[in-house]
file model13.txt (compact mmCIF, C-alpha atoms and all ligand atoms)
# COMPACT_ATOMS: atom_id res chain seq x y z
CA MET U 18 -0.72 -19.44 42.42
CA GLU U 19 2.75 -20.99 42.61
CA HIS U 20 1.18 -24.45 42.71
CA LEU U 21 0.13 -23.85 39.11
CA ILE U 22 3.72 -23.63 37.88
CA HIS U 23 4.52 -26.59 35.64
CA SER U 24 5.96 -29.42 37.73
CA ARG U 25 8.84 -29.94 35.31
CA VAL U 26 9.89 -26.33 35.78
CA LYS U 27 9.48 -26.53 39.56
CA ASN U 28 11.64 -29.62 39.60
CA ILE U 29 14.67 -28.13 37.86
CA GLU U 30 17.18 -26.05 39.80
CA ILE U 31 19.62 -23.19 39.27
CA SER U 32 23.01 -24.66 38.27
CA GLY U 33 25.25 -25.74 41.16
CA ILE U 34 28.06 -23.58 39.74
CA ARG U 35 25.97 -20.42 39.95
CA LYS U 36 24.53 -21.39 43.33
CA PHE U 37 27.98 -21.80 44.80
CA PHE U 38 29.30 -18.64 43.15
CA ASN U 39 26.33 -16.61 44.45
CA MET U 40 26.81 -18.02 47.95
CA VAL U 41 30.45 -17.01 48.25
CA ALA U 42 30.88 -14.15 45.74
CA ASP U 43 30.70 -11.24 48.19
CA ARG U 44 33.26 -12.55 50.73
CA PRO U 45 35.92 -9.84 51.07
CA GLY U 46 39.36 -10.79 49.72
CA LEU U 47 38.15 -14.05 48.19
CA ILE U 48 40.03 -15.43 45.19
CA SER U 49 37.37 -17.04 43.05
CA LEU U 50 38.53 -19.61 40.49
CA THR U 51 34.97 -20.69 39.77
CA ILE U 52 33.77 -19.08 36.58
CA GLY U 53 34.07 -20.64 33.13
CA GLN U 54 34.40 -17.37 31.30
CA PRO U 55 37.45 -16.13 29.36
CA ASP U 56 39.22 -13.28 31.16
CA PHE U 57 40.41 -11.69 27.90
CA PRO U 58 38.50 -8.83 26.32
CA THR U 59 36.64 -9.46 23.06
CA PRO U 60 39.15 -8.74 20.22
CA GLU U 61 39.16 -5.04 19.26
CA HIS U 62 38.23 -5.59 15.58
CA VAL U 63 35.22 -7.68 16.64
CA LYS U 64 34.02 -4.89 18.94
CA GLU U 65 34.49 -2.41 16.07
CA ALA U 66 32.32 -4.58 13.79
CA GLY U 67 29.59 -4.49 16.45
CA LYS U 68 29.82 -0.68 16.67
CA GLU U 69 29.68 -0.37 12.87
CA ALA U 70 26.55 -2.54 12.82
CA ILE U 71 24.87 0.02 15.08
CA THR U 72 26.03 3.12 13.21
CA GLY U 73 25.22 1.49 9.86
CA ASN U 74 21.69 0.67 11.05
CA PHE U 75 22.20 -3.06 10.81
CA THR U 76 19.73 -3.19 13.66
CA THR U 77 16.71 -5.02 12.30
CA TYR U 78 15.57 -8.65 12.23
CA THR U 79 17.72 -10.87 10.06
CA HIS U 80 16.95 -14.21 8.43
CA ASN U 81 15.87 -16.45 11.32
CA ALA U 82 18.95 -18.61 10.86
CA GLY U 83 21.29 -15.60 10.73
CA PHE U 84 22.29 -13.54 7.69
CA LEU U 85 23.62 -15.59 4.82
CA GLU U 86 27.17 -14.23 4.80
CA LEU U 87 27.56 -15.18 8.45
CA ARG U 88 26.29 -18.72 7.90
CA GLN U 89 28.64 -19.07 4.94
CA ALA U 90 31.52 -17.83 7.11
CA ALA U 91 30.59 -20.34 9.83
CA CYS U 92 30.67 -23.15 7.25
CA ASP U 93 34.04 -21.97 5.90
CA PHE U 94 35.43 -21.78 9.43
CA ILE U 95 34.56 -25.35 10.40
CA ARG U 96 35.59 -26.68 7.01
CA GLU U 97 39.03 -25.12 7.29
CA LYS U 98 39.54 -25.90 10.98
CA TYR U 99 37.91 -29.31 11.44
CA GLY U 100 37.35 -30.66 7.92
CA LEU U 101 33.52 -30.55 8.27
CA ASP U 102 31.33 -30.03 5.24
CA TYR U 103 28.14 -28.01 5.79
CA GLN U 104 26.11 -25.66 3.60
CA PRO U 105 24.47 -22.42 4.85
CA ASP U 106 21.03 -24.08 5.00
CA GLU U 107 22.52 -26.54 7.48
CA VAL U 108 23.46 -23.81 9.98
CA ILE U 109 21.41 -21.88 12.53
CA THR U 110 22.90 -18.93 14.38
CA THR U 111 21.65 -19.13 17.96
CA VAL U 112 21.65 -17.08 21.17
CA GLY U 113 24.81 -18.71 22.52
CA ALA U 114 25.44 -22.44 22.58
CA SER U 115 22.79 -22.55 25.33
CA GLU U 116 19.94 -21.79 22.96
CA ALA U 117 21.45 -24.17 20.41
CA LEU U 118 21.19 -26.94 23.01
CA ASP U 119 17.65 -25.94 23.94
CA ILE U 120 16.30 -26.01 20.39
CA THR U 121 18.19 -29.21 19.67
CA PHE U 122 16.65 -31.12 22.57
CA ARG U 123 13.19 -29.67 21.94
CA THR U 124 13.41 -30.77 18.31
CA ILE U 125 14.58 -34.34 18.87
CA LEU U 126 13.40 -35.53 22.30
CA GLU U 127 10.04 -37.21 22.81
CA GLU U 128 8.71 -37.82 26.31
CA ARG U 129 10.25 -40.81 28.10
CA THR U 130 13.13 -41.14 25.65
CA GLU U 131 16.62 -41.48 27.14
CA VAL U 132 19.69 -39.31 26.69
CA ILE U 133 23.12 -40.69 27.48
CA LEU U 134 25.51 -38.27 29.16
CA PRO U 135 29.05 -38.76 30.41
CA GLY U 136 29.45 -38.09 34.14
CA PRO U 137 30.85 -35.75 35.35
CA VAL U 138 29.39 -33.24 32.89
CA TYR U 139 28.42 -29.61 32.30
CA PRO U 140 25.18 -29.03 34.24
CA GLY U 141 23.40 -27.24 31.37
CA TYR U 142 22.08 -30.39 29.69
CA GLU U 143 20.01 -32.20 32.30
CA PRO U 144 17.42 -29.46 32.98
CA LEU U 145 16.75 -29.00 29.25
CA ILE U 146 16.38 -32.75 28.81
CA ARG U 147 14.00 -32.95 31.78
CA LEU U 148 11.92 -30.04 30.45
CA CYS U 149 11.32 -32.18 27.37
CA GLY U 150 10.05 -35.01 29.59
CA ALA U 151 13.06 -37.13 28.63
CA LYS U 152 15.43 -38.91 31.00
CA PRO U 153 19.16 -38.33 31.42
CA VAL U 154 21.20 -41.54 31.79
CA TYR U 155 24.65 -40.88 33.20
CA ILE U 156 27.62 -43.08 32.46
CA ASP U 157 30.46 -43.04 34.97
CA THR U 158 33.53 -42.00 32.97
CA ARG U 159 35.87 -41.71 35.96
CA PRO U 160 37.53 -45.09 35.38
CA ASN U 161 38.28 -44.08 31.78
CA GLY U 162 40.00 -40.74 32.39
CA PHE U 163 36.60 -38.94 32.12
CA ARG U 164 36.24 -40.09 28.50
CA LEU U 165 33.07 -41.64 27.12
CA SER U 166 33.79 -44.64 24.88
CA ALA U 167 31.91 -47.08 22.66
CA GLU U 168 32.57 -49.76 25.24
CA LEU U 169 31.04 -47.69 28.04
CA ILE U 170 28.04 -46.65 25.92
CA ALA U 171 27.10 -50.06 24.47
CA PRO U 172 25.51 -51.62 27.61
CA HIS U 173 23.24 -48.56 28.06
CA LEU U 174 21.68 -48.59 24.59
CA ASN U 175 18.06 -49.71 24.43
CA GLU U 176 14.93 -48.95 22.42
CA ARG U 177 14.33 -45.73 24.43
CA THR U 178 17.80 -44.28 23.75
CA ARG U 179 17.32 -41.28 21.49
CA CYS U 180 20.48 -39.29 21.96
CA ILE U 181 24.07 -39.32 23.19
CA VAL U 182 25.68 -36.07 24.33
CA LEU U 183 29.37 -35.84 23.48
CA PRO U 184 30.72 -32.72 25.20
CA TYR U 185 34.43 -32.69 24.33
CA PRO U 186 36.72 -30.88 25.13
CA SER U 187 35.01 -31.31 28.47
CA ASN U 188 33.79 -28.89 31.04
CA PRO U 189 34.64 -29.70 33.91
CA THR U 190 37.49 -32.18 33.24
CA GLY U 191 39.37 -30.87 30.18
CA ALA U 192 39.26 -34.37 28.65
CA THR U 193 39.18 -34.74 24.85
CA LEU U 194 38.43 -37.77 22.67
CA SER U 195 40.91 -39.09 20.10
CA GLU U 196 40.03 -39.67 16.46
CA GLN U 197 40.02 -43.42 17.15
CA GLU U 198 37.63 -43.10 20.11
CA LEU U 199 35.25 -40.97 18.05
CA ARG U 200 35.36 -43.41 15.14
CA GLU U 201 34.45 -46.26 17.51
CA ILE U 202 31.45 -44.36 18.92
CA ALA U 203 30.35 -43.47 15.37
CA ALA U 204 30.58 -47.14 14.33
CA LEU U 205 28.52 -48.17 17.37
CA VAL U 206 25.59 -45.83 16.71
CA LYS U 207 25.66 -45.67 12.90
CA GLY U 208 22.32 -46.77 11.44
CA ARG U 209 20.54 -46.83 14.84
CA PRO U 210 17.73 -44.33 15.56
CA ILE U 211 20.02 -42.31 17.82
CA TRP U 212 21.31 -38.74 17.54
CA VAL U 213 24.69 -37.57 18.74
CA VAL U 214 24.65 -34.02 20.12
CA SER U 215 28.28 -32.98 19.91
CA ASP U 216 28.89 -29.89 22.04
CA GLU U 217 32.18 -28.54 20.67
CA ILE U 218 32.12 -25.09 22.28
CA TYR U 219 35.77 -25.54 23.41
CA SER U 220 36.99 -26.81 20.00
CA GLU U 221 39.47 -23.93 19.58
CA LEU U 222 41.03 -24.66 22.96
CA VAL U 223 42.84 -27.99 22.48
CA TYR U 224 46.42 -28.20 23.76
CA ASN U 225 47.93 -31.24 22.06
CA GLY U 226 46.94 -32.33 18.58
CA ARG U 227 43.85 -30.92 16.90
CA HIS U 228 40.15 -31.01 17.54
CA HIS U 229 38.13 -33.75 15.89
CA SER U 230 34.37 -33.78 15.45
CA ILE U 231 32.37 -37.01 15.33
CA ALA U 232 30.36 -35.38 12.51
CA LYS U 233 33.19 -36.40 10.17
CA TRP U 234 32.15 -40.04 10.54
CA LEU U 235 28.48 -39.72 11.53
CA ARG U 236 27.23 -36.66 9.68
CA GLU U 237 23.60 -37.78 9.19
CA GLN U 238 23.05 -38.50 12.88
CA THR U 239 25.08 -35.69 14.41
CA ILE U 240 24.02 -32.25 15.59
CA VAL U 241 27.11 -30.12 16.16
CA ILE U 242 26.88 -27.30 18.71
CA ASN U 243 29.50 -24.58 18.70
CA GLY U 244 29.79 -20.85 19.31
CA LEU U 245 32.01 -17.87 19.95
CA SER U 246 31.66 -17.52 23.72
CA LYS U 247 34.89 -19.34 24.54
CA SER U 248 36.93 -19.11 21.33
CA HIS U 249 36.57 -15.33 20.92
CA SER U 250 35.87 -14.32 24.48
CA MET U 251 32.34 -13.27 23.50
CA THR U 252 30.16 -14.69 26.29
CA GLY U 253 28.00 -11.55 26.52
CA TRP U 254 27.42 -11.25 22.77
CA ARG U 255 25.45 -14.51 22.84
CA VAL U 256 26.39 -16.15 19.58
CA GLY U 257 26.21 -19.89 19.04
CA PHE U 258 25.73 -22.19 16.07
CA VAL U 259 24.02 -25.46 15.24
CA PHE U 260 25.30 -27.50 12.30
CA ALA U 261 23.17 -30.42 11.14
CA PRO U 262 21.75 -31.92 7.94
CA SER U 263 19.04 -29.70 6.45
CA PHE U 264 16.31 -32.26 7.24
CA VAL U 265 17.09 -31.47 10.90
CA THR U 266 17.74 -27.72 10.73
CA LYS U 267 14.51 -27.05 8.85
CA HIS U 268 12.60 -28.33 11.90
CA MET U 269 14.89 -26.72 14.46
CA LEU U 270 14.48 -23.39 12.73
CA LYS U 271 10.78 -23.38 13.66
CA VAL U 272 11.57 -23.81 17.35
CA HIS U 273 14.25 -21.13 17.10
CA GLN U 274 11.97 -18.74 15.22
CA TYR U 275 9.15 -18.91 17.74
CA SER U 276 11.56 -18.67 20.64
CA VAL U 277 13.93 -15.83 19.67
CA SER U 278 13.27 -14.89 16.04
CA CYS U 279 16.97 -14.40 15.42
CA THR U 280 20.25 -13.70 17.18
CA SER U 281 20.94 -9.98 17.75
CA SER U 282 21.87 -8.46 14.38
CA ILE U 283 24.68 -6.49 16.05
CA SER U 284 26.17 -9.63 17.53
CA GLN U 285 25.87 -11.33 14.16
CA LYS U 286 28.01 -8.63 12.51
CA ALA U 287 30.58 -8.99 15.26
CA ALA U 288 30.47 -12.77 14.76
CA LEU U 289 31.19 -12.35 11.05
CA ALA U 290 34.35 -10.42 11.91
CA ALA U 291 35.33 -13.10 14.44
CA LEU U 292 34.94 -15.93 11.94
CA THR U 293 36.71 -14.20 9.04
CA ALA U 294 39.44 -11.64 9.90
CA GLY U 295 39.47 -13.10 13.42
CA LYS U 296 39.45 -16.77 12.52
CA ASN U 297 42.74 -17.31 14.34
CA ASP U 298 42.00 -14.99 17.29
CA ALA U 299 41.77 -17.92 19.68
CA GLU U 300 45.39 -18.92 19.12
CA ALA U 301 47.02 -16.27 21.32
CA MET U 302 44.51 -17.02 24.10
CA ARG U 303 45.03 -20.77 23.71
CA LEU U 304 48.76 -20.35 24.27
CA GLN U 305 48.14 -18.40 27.44
CA TYR U 306 45.60 -20.91 28.73
CA ARG U 307 48.11 -23.69 28.05
CA GLU U 308 50.79 -21.90 30.04
CA ARG U 309 48.36 -21.41 32.93
CA MET U 310 47.20 -25.02 32.72
CA GLU U 311 50.78 -26.32 32.87
CA TYR U 312 51.47 -24.07 35.86
CA ALA U 313 48.30 -24.91 37.80
CA TYR U 314 48.59 -28.62 36.98
CA ARG U 315 52.15 -28.74 38.34
CA ARG U 316 51.13 -26.87 41.49
CA LEU U 317 48.26 -29.30 42.20
CA ILE U 318 50.53 -32.31 41.65
CA ASP U 319 53.15 -30.78 43.96
CA MET U 320 50.44 -30.39 46.64
CA GLY U 321 49.88 -34.15 46.39
CA LEU U 322 46.46 -33.91 44.71
CA LYS U 323 45.46 -36.49 42.11
CA VAL U 324 44.47 -34.78 38.88
CA GLU U 325 44.16 -35.79 35.20
CA LYS U 326 46.14 -33.54 32.87
CA PRO U 327 43.57 -31.71 30.72
CA ASN U 328 43.91 -31.51 26.95
CA GLY U 329 41.34 -28.80 26.30
CA ALA U 330 38.93 -26.14 27.67
CA PHE U 331 40.14 -24.22 30.76
CA TYR U 332 39.44 -26.38 33.78
CA LEU U 333 41.29 -28.73 36.13
CA PHE U 334 39.32 -31.30 38.09
CA PRO U 335 41.46 -32.58 40.98
CA SER U 336 40.32 -35.32 43.32
CA ILE U 337 39.72 -34.34 46.93
CA ALA U 338 38.53 -37.83 47.93
CA ALA U 339 41.49 -38.21 50.32
CA PHE U 340 39.97 -35.56 52.62
CA GLY U 341 36.94 -37.70 53.44
CA GLN U 342 34.43 -34.88 52.94
CA SER U 343 31.76 -34.20 50.35
CA SER U 344 32.95 -31.87 47.60
CA PHE U 345 30.49 -29.24 48.82
CA ASP U 346 31.76 -29.34 52.44
CA PHE U 347 35.36 -29.29 51.19
CA ALA U 348 34.71 -26.30 48.93
CA ILE U 349 32.97 -24.39 51.75
CA ASP U 350 35.86 -25.13 54.11
CA VAL U 351 38.39 -23.89 51.52
CA VAL U 352 36.40 -20.67 51.13
CA ASN U 353 36.21 -20.12 54.89
CA LYS U 354 39.76 -21.11 55.86
CA ALA U 355 41.81 -20.34 52.74
CA GLY U 356 39.80 -17.63 50.98
CA VAL U 357 39.72 -19.49 47.65
CA ALA U 358 36.57 -20.56 45.80
CA LEU U 359 36.48 -23.74 43.69
CA VAL U 360 33.31 -25.36 42.38
CA PRO U 361 32.21 -28.55 44.21
CA GLY U 362 32.36 -31.52 41.81
CA SER U 363 28.81 -32.50 42.75
CA ALA U 364 27.63 -29.60 40.56
CA PHE U 365 28.59 -31.81 37.61
CA SER U 366 26.37 -34.82 38.50
CA GLN U 367 26.90 -37.49 41.15
CA TYR U 368 30.01 -38.65 39.23
CA GLY U 369 31.71 -35.34 39.98
CA GLU U 370 31.55 -36.04 43.72
CA GLY U 371 35.03 -36.35 45.27
CA HIS U 372 36.43 -33.61 43.02
CA VAL U 373 36.50 -29.83 42.72
CA ARG U 374 36.70 -27.75 39.55
CA LEU U 375 39.33 -25.06 39.21
CA SER U 376 38.95 -22.67 36.26
CA TYR U 377 42.21 -21.25 34.92
CA ALA U 378 40.47 -18.54 32.93
CA TYR U 379 42.18 -16.16 35.35
CA SER U 380 45.49 -14.27 35.22
CA LEU U 381 48.67 -16.10 36.27
CA ASP U 382 48.99 -13.72 39.26
CA MET U 383 45.52 -14.61 40.46
CA LEU U 384 46.12 -18.31 39.89
CA LYS U 385 49.37 -18.11 41.82
CA GLU U 386 47.74 -16.39 44.79
CA GLY U 387 44.80 -18.84 44.75
CA LEU U 388 47.08 -21.86 44.54
CA ASP U 389 49.40 -20.51 47.29
CA ARG U 390 46.37 -20.25 49.58
CA LEU U 391 45.15 -23.72 48.63
CA GLU U 392 48.60 -25.17 49.27
CA ARG U 393 48.77 -23.64 52.77
CA TYR U 394 45.31 -25.02 53.52
CA ILE U 395 46.23 -28.51 52.34
CA LYS U 396 49.51 -28.50 54.33
CA GLU U 397 47.59 -27.58 57.47
CA ARG U 398 45.20 -30.49 56.98
CA GLN U 399 47.97 -33.06 56.53
C1 LIG Z 1 30.13 -27.35 27.66
C2 LIG Z 1 29.39 -26.07 27.52
N1 LIG Z 1 28.40 -25.99 26.62
C3 LIG Z 1 27.69 -24.86 26.46
C4 LIG Z 1 27.95 -23.73 27.21
C5 LIG Z 1 27.11 -22.50 27.01
O1 LIG Z 1 27.74 -21.61 26.15
P1 LIG Z 1 27.10 -20.18 25.77
O2 LIG Z 1 27.62 -19.19 26.74
O3 LIG Z 1 27.59 -19.91 24.37
O4 LIG Z 1 25.63 -20.31 25.83
C6 LIG Z 1 28.98 -23.77 28.15
C7 LIG Z 1 29.26 -22.58 29.00
O5 LIG Z 1 29.94 -22.64 29.99
C8 LIG Z 1 29.73 -24.97 28.31
O6 LIG Z 1 30.72 -25.06 29.20
call {"tool": "encode", "arguments": {"input": "model13.txt", "output": "structure tokens"}}
result
Amino acid sequence: MEHLIHSRVKNIEISGIRKFFNMVADRPGLISLTIGQPDFPTPEHVKEAGKEAITGNFTTYTHNAGFLELRQAACDFIREKYGLDYQPDEVITTVGASEALDITFRTILEERTEVILPGPVYPGYEPLIRLCGAKPVYIDTRPNGFRLSAELIAPHLNERTRCIVLPYPSNPTGATLSEQELREIAALVKGRPIWVVSDEIYSELVYNGRHHSIAKWLREQTIVINGLSKSHSMTGWRVGFVFAPSFVTKHMLKVHQYSVSCTSSISQKAALAALTAGKNDAEAMRLQYRERMEYAYRRLIDMGLKVEKPNGAFYLFPSIAAFGQSSFDFAIDVVNKAGVALVPGSAFSQYGEGHVRLSYAYSLDMLKEGLDRLERYIKERQ
């Protein structure tokens, strides 16, 4: 019966990050710097709010978009933090940013339309785009410090272009876009029949300056994706958000309703605590990530590796091109000979080839041990 599985589903694959992690995870003594998941516990008061939801019987379906107070809190949060202006009917609470992306693409993508993506990029977009019968079009951002720009986008626009994905701060590179760069992209697409899907899941983790959202200049054409997985160390609670004009959310809500009904009511109560009393919870974590980033960046530079200094998220993306191996072969060799796991850059599209991703969502002690091992390995190869 397997031949009856839909060809689009057969043709997508498990993410290269997971594949690599699963391949190497049970090696004894391995230091794995592969996973993009905060290593801090969920803040105590957020956990308490989840427990209270259970004891208080807040355990039933909610409004499909999430209970009103939560949507209001999400609007207040992004107004205060990023100067964005949304009303509760322009918000949907989703099952992580992942579901937000899924319902977004299913709502806006027709078959054979094109979606522009920066390469290298988070591998979660392409399969969802392909499931819609649409086509991902990658733009090589390596010559521009991994940053998409109006200049890079312009030659790729045509009558099939339906969407541009702007995933900044970036997984896997840590790149961010400046206000000026975002304004230029907004000016380029304004008035064209093109959506911008702005995945801002790392918006609370910016190291210099503040986070800017393109929605400030392109509100009518932008669908903002965000969530609490990274900012509040809540990956397992599965809470994300979509912000978009109500003429978009009213359609998205149908897809969301028939797919999941609503986000877990317990997680929603925890999310309310995170966005109100915990609105600045990310700050202490951000400072620690920055310290780790500075440390790991310096170590990689001292090893002679070429690497862009990240300005957000929790990844470094050094070049390993000098070793004359594919990123997959290099990463396997580092696992076998040094006992450190890094994600091969090829997991992030063909434009990630020649790099590896190091996540610094790990303790300084673990980072130090991993980087010591990597340094010994690199010295031996020189
Ligand atoms: C850029 C980006 N978008 C979305 C997600 C998915 O987030 P969530 O766990 O909230 O579904 C991730 C997770 O790693 C990510 O890195």
call {"tool": "residues_near_ligand", "arguments": {"input": "model13.txt", "ligand": "ligand LIG 1 (chain Z)", "cutoff": "7 Å", "atoms": "all atoms listed in the file", "output": "PyMOL selection string"}}
result
chain U and resi 53+112-116+139+141+184+187-188+216+218+244-246+252+255-257
call {"tool": "residues_around", "arguments": {"input": "model13.txt", "residues": "His228 in chain U", "least_positions_apart": "5", "cutoff": "7 Å", "atoms": "all atoms listed in the file", "output": "ChimeraX atom specification"}}
result
/U:99,220,223
call {"tool": "closest_residue", "arguments": {"input": "model13.txt", "among": "U:Phe75, U:Thr59, U:Arg393, U:Gln367", "to": "Trp254 in chain U", "atoms": "all atoms listed in the file"}}
result
U:Thr59
call {"tool": "atom_distance", "arguments": {"input": "model13.txt", "atom1": "CA of His62 in chain U", "atom2": "CA of Ile242 in chain U"}}
result
24.7 Å
call {"tool": "residues_near_point", "arguments": {"input": "model13.txt", "point": "(32.0, -41.7, 27.5)", "cutoff": "8 Å", "atoms": "all atoms listed in the file", "output": "ChimeraX atom specification"}}
result
/U:134-136,156-158,161,163-167,169-170,183
call {"tool": "write_last_selection", "arguments": {"input": "model13.txt", "atoms": "C-alpha atoms", "output": "mmCIF file, in the coordinates of the input"}}
result
data_model
loop_
_atom_site.group_PDB
_atom_site.id
_atom_site.type_symbol
_atom_site.label_atom_id
_atom_site.label_comp_id
_atom_site.auth_asym_id
_atom_site.auth_seq_id
_atom_site.Cartn_x
_atom_site.Cartn_y
_atom_site.Cartn_z
ATOM 1 C CA LEU U 134 25.510 -38.270 29.160
ATOM 2 C CA PRO U 135 29.050 -38.760 30.410
ATOM 3 C CA GLY U 136 29.450 -38.090 34.140
ATOM 4 C CA ILE U 156 27.620 -43.080 32.460
ATOM 5 C CA ASP U 157 30.460 -43.040 34.970
ATOM 6 C CA THR U 158 33.530 -42.000 32.970
ATOM 7 C CA ASN U 161 38.280 -44.080 31.780
ATOM 8 C CA PHE U 163 36.600 -38.940 32.120
ATOM 9 C CA ARG U 164 36.240 -40.090 28.500
ATOM 10 C CA LEU U 165 33.070 -41.640 27.120
ATOM 11 C CA SER U 166 33.790 -44.640 24.880
ATOM 12 C CA ALA U 167 31.910 -47.080 22.660
ATOM 13 C CA LEU U 169 31.040 -47.690 28.040
ATOM 14 C CA ILE U 170 28.040 -46.650 25.920
ATOM 15 C CA LEU U 183 29.370 -35.840 23.480
#
call {"tool": "residues_near_point", "arguments": {"input": "model13.txt", "point": "(25.2, -37.1, 23.0)", "cutoff": "8 Å", "atoms": "all atoms listed in the file", "output": "PyMOL selection string"}}
result
chain U and resi 132-134+180-184+212-215
call {"tool": "residues_around", "arguments": {"input": "model13.txt", "residues": "range 40-44 of chain U", "least_positions_apart": "5", "cutoff": "8 Å", "atoms": "only C-alpha atoms", "output": "PyMOL selection string"}}
result
chain U and resi 49+352+358
call {"tool": "residues_around", "arguments": {"input": "model13.txt", "residues": "Leu145 in chain U", "least_positions_apart": "3", "cutoff": "8 Å", "atoms": "all atoms listed in the file", "output": "list of chain:residue names"}}
result
U:Leu118, U:Asp119, U:Phe122, U:Gly141, U:Tyr142, U:Leu148, U:Cys149
call {"tool": "axis_aligned_box", "arguments": {"input": "model13.txt", "around": "range 171-175 of chain U", "padding_each_side": "5 Å", "output": "lines of an AutoDock Vina configuration file"}}
result
center_x = 22.6
center_y = -50.1
center_z = 26.2
size_x = 19.0
size_y = 13.1
size_z = 13.6
call {"tool": "atom_distance", "arguments": {"input": "model13.txt", "atom1": "CA of Leu50 in chain U", "atom2": "CA of Gly371 in chain U"}}
result
17.8 Å
call {"tool": "atom_distance", "arguments": {"input": "model13.txt", "atom1": "CA of Ala339 in chain U", "atom2": "CA of Lys323 in chain U"}}
result
9.3 Å
call {"tool": "residues_around", "arguments": {"input": "model13.txt", "residues": "range 265-272 of chain U", "least_positions_apart": "2", "cutoff": "9 Å", "atoms": "all atoms listed in the file", "output": "PyMOL selection string"}}
result
chain U and resi 81-82+106-109+120-121+123-125+240+259-263+274-277
call {"tool": "residues_around", "arguments": {"input": "model13.txt", "residues": "Arg96 in chain U", "least_positions_apart": "6", "cutoff": "12 Å", "atoms": "all atoms listed in the file", "output": "ChimeraX atom specification"}}
result
/U:89-90,102-104,229-230,232-233,260,292,296
call {"tool": "closest_residue", "arguments": {"input": "model13.txt", "among": "U:Ala301, U:Ala171, U:Ile31, U:Ala290", "to": "Glu143 in chain U", "atoms": "all atoms listed in the file"}}
result
U:Ile31
call {"tool": "closest_atom_pairs", "arguments": {"input": "model13.txt", "of": "range 348-386 of chain U", "to": "range 35-39 of chain U", "cutoff": "9 Å", "atoms": "all atoms listed in the file", "output": "tab-separated table"}}
result
residue	atom	partner	partner_atom	distance
U:Ile349	CA	U:Phe37	CA	8.9
U:Ala358	CA	U:Phe38	CA	8.0
U:Leu359	CA	U:Phe37	CA	8.8
U:Val360	CA	U:Phe37	CA	6.9
U:Pro361	CA	U:Phe37	CA	8.0
U:Ala364	CA	U:Phe37	CA	8.9
call {"tool": "closest_residue", "arguments": {"input": "model13.txt", "among": "U:Thr111, U:Thr178, U:Ser32, U:Ser363", "to": "Gln285 in chain U", "atoms": "all atoms listed in the file"}}
result
U:Thr111
call {"tool": "build_atoms", "arguments": {"input": "model13.txt", "residues": "range 316-327 of chain U", "atoms": "N, CA and C atoms", "output": "compact mmCIF listing (two decimals), in the frame of the given file"}}
result
# COMPACT_ATOMS: atom_id res chain seq x y z
N ARG U 316 51.34 -27.26 40.09
CA ARG U 316 51.13 -26.87 41.49
C ARG U 316 50.24 -27.89 42.21
N LEU U 317 49.17 -28.33 41.56
CA LEU U 317 48.26 -29.30 42.20
C LEU U 317 48.97 -30.62 42.46
N ILE U 318 49.76 -31.06 41.48
CA ILE U 318 50.53 -32.31 41.65
C ILE U 318 51.49 -32.16 42.83
N ASP U 319 52.18 -31.00 42.88
CA ASP U 319 53.15 -30.78 43.96
C ASP U 319 52.46 -30.74 45.34
N MET U 320 51.17 -30.38 45.36
CA MET U 320 50.44 -30.39 46.64
C MET U 320 50.02 -31.80 47.02
N GLY U 321 50.25 -32.76 46.11
CA GLY U 321 49.88 -34.15 46.39
C GLY U 321 48.46 -34.49 45.96
N LEU U 322 47.83 -33.61 45.16
CA LEU U 322 46.46 -33.91 44.71
C LEU U 322 46.51 -34.76 43.44
N LYS U 323 45.55 -35.67 43.33
CA LYS U 323 45.46 -36.49 42.11
C LYS U 323 44.66 -35.70 41.08
N VAL U 324 45.20 -35.54 39.90
CA VAL U 324 44.47 -34.78 38.88
C VAL U 324 44.87 -35.26 37.48
N GLU U 325 43.88 -35.44 36.61
CA GLU U 325 44.16 -35.79 35.20
C GLU U 325 44.68 -34.55 34.49
N LYS U 326 45.68 -34.71 33.63
CA LYS U 326 46.14 -33.54 32.87
C LYS U 326 45.14 -33.24 31.76
N PRO U 327 44.57 -32.02 31.76
CA PRO U 327 43.57 -31.71 30.72
C PRO U 327 44.21 -31.55 29.34
